[in-house]
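Participant: If it helps, the file is called target-v3.cif and holds mmCIF, C-alpha atoms:
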```cif
data_target
#
loop_
_atom_site.group_PDB
_atom_site.id
_atom_site.type_symbol
_atom_site.label_atom_id
_atom_site.label_comp_id
_atom_site.auth_asym_id
_atom_site.auth_seq_id
_atom_site.Cartn_x
_atom_site.Cartn_y
_atom_site.Cartn_z
ATOM 1 C CA MET A 1 4.823 69.250 -21.878
ATOM 2 C CA ARG A 2 4.613 69.600 -18.132
ATOM 3 C CA GLU A 3 0.930 68.619 -18.229
ATOM 4 C CA ASN A 4 1.760 65.460 -20.183
ATOM 5 C CA PHE A 5 4.429 64.535 -17.617
ATOM 6 C CA ARG A 6 1.940 65.085 -14.789
ATOM 7 C CA VAL A 7 -0.671 62.881 -16.511
ATOM 8 C CA ALA A 8 1.877 60.143 -17.202
ATOM 9 C CA ARG A 9 3.009 60.236 -13.585
ATOM 10 C CA VAL A 10 -0.580 59.913 -12.361
ATOM 11 C CA TRP A 11 -1.177 56.966 -14.682
ATOM 12 C CA GLY A 12 2.089 55.408 -13.562
ATOM 13 C CA VAL A 13 1.070 55.616 -9.936
ATOM 14 C CA ALA A 14 -2.407 54.347 -10.743
ATOM 15 C CA GLY A 15 -0.983 51.505 -12.816
ATOM 16 C CA GLY A 16 1.283 50.512 -9.959
ATOM 17 C CA VAL A 17 -1.676 50.476 -7.591
ATOM 18 C CA VAL A 18 -3.689 48.327 -9.991
ATOM 19 C CA ARG A 19 -0.802 45.915 -10.527
ATOM 20 C CA GLY A 20 -0.203 45.738 -6.788
ATOM 21 C CA THR A 21 -3.871 45.024 -6.176
ATOM 22 C CA LEU A 22 -3.909 42.246 -8.794
ATOM 23 C CA ILE A 23 -0.768 40.632 -7.380
ATOM 24 C CA ALA A 24 -2.128 40.830 -3.843
ATOM 25 C CA SER A 25 -5.416 39.288 -4.984
ATOM 26 C CA GLY A 26 -3.564 36.491 -6.754
ATOM 27 C CA VAL A 27 -1.466 35.728 -3.678
ATOM 28 C CA ALA A 28 -4.570 35.727 -1.502
ATOM 29 C CA LEU A 29 -6.303 33.341 -3.908
ATOM 30 C CA VAL A 30 -3.389 30.888 -3.960
ATOM 31 C CA ALA A 31 -2.951 31.069 -0.201
ATOM 32 C CA GLY A 32 -6.679 30.521 0.255
ATOM 33 C CA LEU A 33 -6.635 27.194 -1.531
ATOM 34 C CA GLY A 34 -5.387 25.459 1.603
ATOM 35 C CA ILE A 35 -6.825 27.853 4.142
ATOM 36 C CA GLY A 36 -8.501 25.093 6.156
ATOM 37 C CA PHE A 37 -5.149 23.615 7.170
ATOM 38 C CA ALA A 38 -2.530 26.219 6.257
ATOM 39 C CA SER A 39 -4.018 28.832 8.578
ATOM 40 C CA GLY A 40 -2.985 26.694 11.531
ATOM 41 C CA GLU A 41 -6.457 25.540 12.460
ATOM 42 C CA PRO A 42 -6.281 22.278 14.426
ATOM 43 C CA VAL A 43 -6.853 19.038 12.541
ATOM 44 C CA HIS A 44 -9.196 16.667 14.337
ATOM 45 C CA GLU A 45 -9.441 12.889 14.263
ATOM 46 C CA ASP A 46 -12.662 13.286 12.265
ATOM 47 C CA ASP A 47 -10.586 14.718 9.406
ATOM 48 C CA VAL A 48 -8.659 11.441 9.081
ATOM 49 C CA ILE A 49 -10.078 8.792 6.738
ATOM 50 C CA GLY A 50 -10.605 5.448 8.454
ATOM 51 C CA ALA A 51 -9.504 2.054 7.167
ATOM 52 C CA ARG A 52 -11.822 0.068 4.954
ATOM 53 C CA LYS A 53 -13.626 -2.931 6.449
ATOM 54 C CA LEU A 54 -12.535 -6.298 5.084
ATOM 55 C CA PRO A 55 -14.953 -9.182 4.396
ATOM 56 C CA ALA A 56 -15.512 -11.439 7.390
ATOM 57 C CA ASP A 57 -14.901 -14.528 5.212
ATOM 58 C CA LEU A 58 -11.902 -13.125 3.345
ATOM 59 C CA CYS A 59 -9.634 -16.145 3.845
ATOM 60 C CA GLY A 60 -12.360 -18.461 2.599
ATOM 61 C CA ARG A 61 -12.683 -16.339 -0.539
ATOM 62 C CA LEU A 62 -9.070 -16.979 -1.495
ATOM 63 C CA GLY A 63 -10.139 -20.293 -2.984
ATOM 64 C CA ASP A 64 -8.520 -23.706 -3.273
ATOM 65 C CA ILE A 65 -4.960 -23.772 -1.924
ATOM 66 C CA SER A 66 -4.480 -27.529 -2.183
ATOM 67 C CA ALA A 67 -1.751 -27.096 -4.814
ATOM 68 C CA LEU A 68 0.396 -25.248 -2.244
ATOM 69 C CA LEU A 69 0.262 -28.077 0.317
ATOM 70 C CA PRO A 70 1.173 -31.780 0.384
ATOM 71 C CA LYS A 71 -1.574 -34.083 -0.874
ATOM 72 C CA ALA A 72 -2.352 -35.603 2.520
ATOM 73 C CA SER A 73 -3.082 -32.243 4.179
ATOM 74 C CA SER A 74 -6.356 -30.360 4.512
ATOM 75 C CA PRO A 75 -6.291 -27.215 2.337
ATOM 76 C CA VAL A 76 -8.178 -24.942 4.716
ATOM 77 C CA PHE A 77 -7.172 -21.476 5.887
ATOM 78 C CA ALA A 78 -7.595 -20.476 9.521
ATOM 79 C CA GLN A 79 -8.590 -16.809 9.714
ATOM 80 C CA THR A 80 -7.768 -14.397 12.526
ATOM 81 C CA GLY A 81 -8.211 -10.669 12.913
ATOM 82 C CA THR A 82 -10.876 -8.232 11.818
ATOM 83 C CA GLY A 83 -9.103 -4.965 10.935
ATOM 84 C CA GLU A 84 -5.992 -6.707 9.638
ATOM 85 C CA VAL A 85 -6.863 -10.212 8.442
ATOM 86 C CA ARG A 86 -4.417 -13.123 8.659
ATOM 87 C CA CYS A 87 -4.879 -16.447 6.895
ATOM 88 C CA ARG A 88 -2.744 -19.459 7.805
ATOM 89 C CA ALA A 89 -2.492 -23.046 6.602
ATOM 90 C CA VAL A 90 0.118 -25.523 7.829
ATOM 91 C CA ALA A 91 1.070 -29.042 6.782
ATOM 92 C CA GLU A 92 3.508 -30.385 9.353
ATOM 93 C CA GLU A 93 6.159 -32.839 8.230
ATOM 94 C CA SER A 94 5.207 -35.201 11.065
ATOM 95 C CA GLY A 95 1.768 -35.635 9.540
ATOM 96 C CA GLN A 96 3.010 -36.630 6.074
ATOM 97 C CA GLN A 97 4.022 -40.016 4.715
ATOM 98 C CA THR A 98 6.932 -38.475 2.813
ATOM 99 C CA PHE A 99 9.530 -35.811 3.574
ATOM 100 C CA THR A 100 7.251 -32.872 2.787
ATOM 101 C CA ALA A 101 5.934 -29.836 4.629
ATOM 102 C CA ALA A 102 4.464 -26.435 3.811
ATOM 103 C CA THR A 103 3.276 -23.276 5.521
ATOM 104 C CA VAL A 104 1.194 -20.548 3.904
ATOM 105 C CA ASN A 105 0.610 -17.200 5.609
ATOM 106 C CA VAL A 106 -1.355 -14.327 4.105
ATOM 107 C CA ARG A 107 -1.675 -10.933 5.783
ATOM 108 C CA ILE A 108 -4.098 -8.357 4.358
ATOM 109 C CA THR A 109 -3.776 -4.874 5.858
ATOM 110 C CA PRO A 110 -6.092 -1.967 4.998
ATOM 111 C CA TYR A 111 -4.476 1.296 6.094
ATOM 112 C CA ALA A 112 -6.261 4.293 7.538
ATOM 113 C CA GLY A 113 -5.222 7.901 7.111
ATOM 114 C CA LYS A 114 -2.895 9.526 9.599
ATOM 115 C CA LEU A 115 -2.532 12.931 11.167
ATOM 116 C CA GLY A 116 0.156 15.074 9.580
ATOM 117 C CA GLY A 117 2.235 17.812 11.169
ATOM 118 C CA GLU A 118 0.785 20.883 12.819
ATOM 119 C CA GLY A 119 -1.312 22.830 10.345
ATOM 120 C CA GLU A 120 -0.806 20.158 7.665
ATOM 121 C CA PRO A 121 -3.562 18.119 5.993
ATOM 122 C CA PRO A 122 -3.798 14.493 7.129
ATOM 123 C CA PHE A 123 -2.136 11.734 5.134
ATOM 124 C CA ARG A 124 -4.492 9.751 2.915
ATOM 125 C CA PRO A 125 -4.800 5.962 3.439
ATOM 126 C CA ASP A 126 -2.986 5.239 0.161
ATOM 127 C CA GLN A 127 -0.073 7.460 1.258
ATOM 128 C CA VAL A 128 0.221 5.597 4.569
ATOM 129 C CA ALA A 129 0.041 2.241 2.758
ATOM 130 C CA ARG A 130 2.789 3.334 0.373
ATOM 131 C CA LYS A 131 5.080 4.220 3.260
ATOM 132 C CA ALA A 132 4.461 0.794 4.820
ATOM 133 C CA PHE A 133 5.152 -0.935 1.510
ATOM 134 C CA ASP A 134 8.401 0.980 1.042
ATOM 135 C CA ARG A 135 9.629 -0.220 4.440
ATOM 136 C CA GLU A 136 9.247 -3.891 3.498
ATOM 137 C CA LYS A 137 12.293 -5.909 2.461
ATOM 138 C CA GLY A 138 12.712 -7.493 -0.939
ATOM 139 C CA VAL A 139 13.415 -6.315 -4.464
ATOM 140 C CA ILE A 140 10.887 -4.606 -6.719
ATOM 141 C CA MET A 141 9.500 -6.901 -9.426
ATOM 142 C CA PRO A 142 9.176 -5.274 -12.866
ATOM 143 C CA GLY A 143 6.217 -5.817 -15.157
ATOM 144 C CA ARG A 144 3.642 -6.251 -12.411
ATOM 145 C CA PRO A 145 0.204 -4.516 -12.455
ATOM 146 C CA TYR A 146 0.750 -3.301 -8.866
ATOM 147 C CA PRO A 147 3.948 -2.448 -6.966
ATOM 148 C CA THR A 148 5.394 -5.754 -5.768
ATOM 149 C CA ARG A 149 8.388 -6.753 -3.659
ATOM 150 C CA ILE A 150 9.766 -10.276 -3.472
ATOM 151 C CA ASP A 151 12.279 -11.904 -1.145
ATOM 152 C CA ARG A 152 13.589 -15.458 -1.554
ATOM 153 C CA PHE A 153 15.481 -17.661 0.894
ATOM 154 C CA GLY A 154 16.679 -21.143 -0.018
ATOM 155 C CA ARG A 155 18.006 -23.965 2.180
ATOM 156 C CA THR A 156 18.832 -27.683 2.061
ATOM 157 C CA GLY A 157 20.482 -27.892 -1.313
ATOM 158 C CA GLY A 158 17.900 -25.798 -3.144
ATOM 159 C CA GLU A 159 14.832 -27.884 -2.277
ATOM 160 C CA ASP A 160 13.681 -25.955 0.814
ATOM 161 C CA TRP A 161 12.425 -22.466 -0.042
ATOM 162 C CA LYS A 162 10.703 -19.551 1.618
ATOM 163 C CA VAL A 163 9.240 -16.896 -0.660
ATOM 164 C CA SER A 164 7.790 -13.637 0.651
ATOM 165 C CA VAL A 165 5.735 -11.418 -1.639
ATOM 166 C CA VAL A 166 4.366 -7.970 -0.737
ATOM 167 C CA VAL A 167 1.852 -6.240 -3.019
ATOM 168 C CA LEU A 168 0.475 -2.696 -2.778
ATOM 169 C CA ARG A 169 -2.822 -1.516 -4.198
ATOM 170 C CA ASP A 170 -4.188 1.857 -3.125
ATOM 171 C CA ASP A 171 -4.740 1.578 0.664
ATOM 172 C CA LEU A 172 -4.108 -2.190 0.835
ATOM 173 C CA VAL A 173 -0.881 -4.074 1.496
ATOM 174 C CA VAL A 174 -0.921 -7.852 1.097
ATOM 175 C CA GLN A 175 1.950 -10.067 2.223
ATOM 176 C CA VAL A 176 2.216 -13.765 1.372
ATOM 177 C CA ASP A 177 4.842 -15.968 3.014
ATOM 178 C CA TYR A 178 5.093 -19.411 1.448
ATOM 179 C CA GLU A 179 7.533 -21.957 2.825
ATOM 180 C CA ALA A 180 7.753 -25.527 1.560
ATOM 181 C CA HIS A 181 10.017 -28.504 0.876
ATOM 182 C CA PRO A 182 10.695 -29.973 -1.504
ATOM 183 C CA VAL A 183 9.628 -27.271 -3.949
ATOM 184 C CA GLU A 184 11.024 -25.557 -7.023
ATOM 185 C CA PRO A 185 11.705 -21.864 -6.361
ATOM 186 C CA ALA A 186 10.009 -20.681 -9.558
ATOM 187 C CA LYS A 187 6.815 -22.561 -8.677
ATOM 188 C CA ALA A 188 6.879 -21.304 -5.085
ATOM 189 C CA GLU A 189 7.275 -17.740 -6.354
ATOM 190 C CA GLN A 190 4.417 -18.087 -8.844
ATOM 191 C CA ALA A 191 2.134 -19.598 -6.206
ATOM 192 C CA ALA A 192 2.813 -16.718 -3.790
ATOM 193 C CA LEU A 193 2.168 -14.104 -6.487
ATOM 194 C CA VAL A 194 -1.120 -15.696 -7.559
ATOM 195 C CA LEU A 195 -2.302 -15.873 -3.950
ATOM 196 C CA ALA A 196 -1.340 -12.236 -3.294
ATOM 197 C CA ASP A 197 -3.229 -11.054 -6.380
ATOM 198 C CA ARG A 198 -6.259 -13.085 -5.345
ATOM 199 C CA ALA A 199 -6.196 -11.505 -1.886
ATOM 200 C CA ILE A 200 -6.001 -8.013 -3.424
ATOM 201 C CA TRP A 201 -9.001 -8.782 -5.595
ATOM 202 C CA GLU A 202 -11.150 -10.277 -2.822
ATOM 203 C CA ALA A 203 -10.352 -7.469 -0.378
ATOM 204 C CA LYS A 204 -11.600 -4.726 -2.702
#
```
Would you mind writing the file's structure down as structure tokens?

Facilitator:
Amino acid sequence: MRENFRVARVWGVAGGVVRGTLIASGVALVAGLGIGFASGEPVHEDDVIGARKLPADLCGRLGDISALLPKASSPVFAQTGTGEVRCRAVAEESGQQTFTAATVNVRITPYAGKLGGEGEPPFRPDQVARKAFDREKGVIMPGRPYPTRIDRFGRTGGEDWKVSVVVLRDDLVVQVDYEAHPVEPAKAEQAALVLADRAIWEAK
């Protein structure tokens, strides 16, 4: 009886050692999954993913925008910027035969990654873009293929409208500001959405 107790005690101690070893190994394995950053090793700029390069003729790729401007104006975008591209077309009221005017601005921003906190992995470009998108004003539009915010501002008895649309896709944020008079708000909204989607597609 005493021998059996001694054997059981030995096995109990041995079992505890084995279980302790397995638990320790499991903890080490889990901890090791992020050892490159979690151990406190410094994160360098080389660890951060850079922003994608946009096409040099991106504004030209957005296509015909004549429907967004009065008939007498020239539907041509002026492009500025290389990292962040801006496209702008303006039809001043002074240059029209009737009481019409329109301004179209498109901003396409590819986001780079960003350093995180000490010992933390860097933020990915899509995470940085999401944070920028979340800071934009406007309400979320349901039923869209990509996260979209829209903001509307009407003046002059409902004929003068400014519509701002912001669309997020992966590491890209596209903002379209369309201001015109006279214009129906539903048509101004649709025009801004179509242009934003086109910019997303051409910037891929």

Participant: Could you state which residues are captured by the PyMOL selection byres ((chain A and resi 54-57) around 10) in this file, as a ChimeraX atom specification?

Facilitator: /A:51-53,58-62,79-85,108-110,202-204

Participant: What's the separation between CA of Arg88 (chain A) and CA of Gly50 (chain A), in Å to one decimal place?

Facilitator: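 Between these atoms lies a distance of 26.1 Å.
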
Participant: If you count only C-alpha atoms, which residues fall within 6 Å of region 124-131 of chain A, apart from same-chain ones fewer than 2 positions away, as an MDAnalysis selection string?

Facilitator: chainID A and resid 111:113 133:134 170:171

Participant: Which centre and edge lengths in Å to one decimal define the box along x, y and z that fits every listed atom of region 195-198 of chain A plus 4 Å per side, as AutoDock Vina command-line options?

Facilitator:
```
--center_x -3.8 --center_y -13.5 --center_z -4.8 --size_x 12.9 --size_y 12.8 --size_z 11.1
```

Participant: One decimal, in Å: what's the spacing between CA of Glu118 (chain A) and CA of Leu168 (chain A)?

Facilitator: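 If I compute the distance from CA of Glu118 (chain A) to CA of Leu168 (chain A), I get 28.3 Å.
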
Participant: Set the distance at 10 Å and use only C-alpha atoms: which residues neighbour Arg144 (chain A) once local chain neighbours fewer than 4 positions away are removed? I'd like the list as a ChimeraX atom specification.

Facilitator: /A:140,148-149,167,193
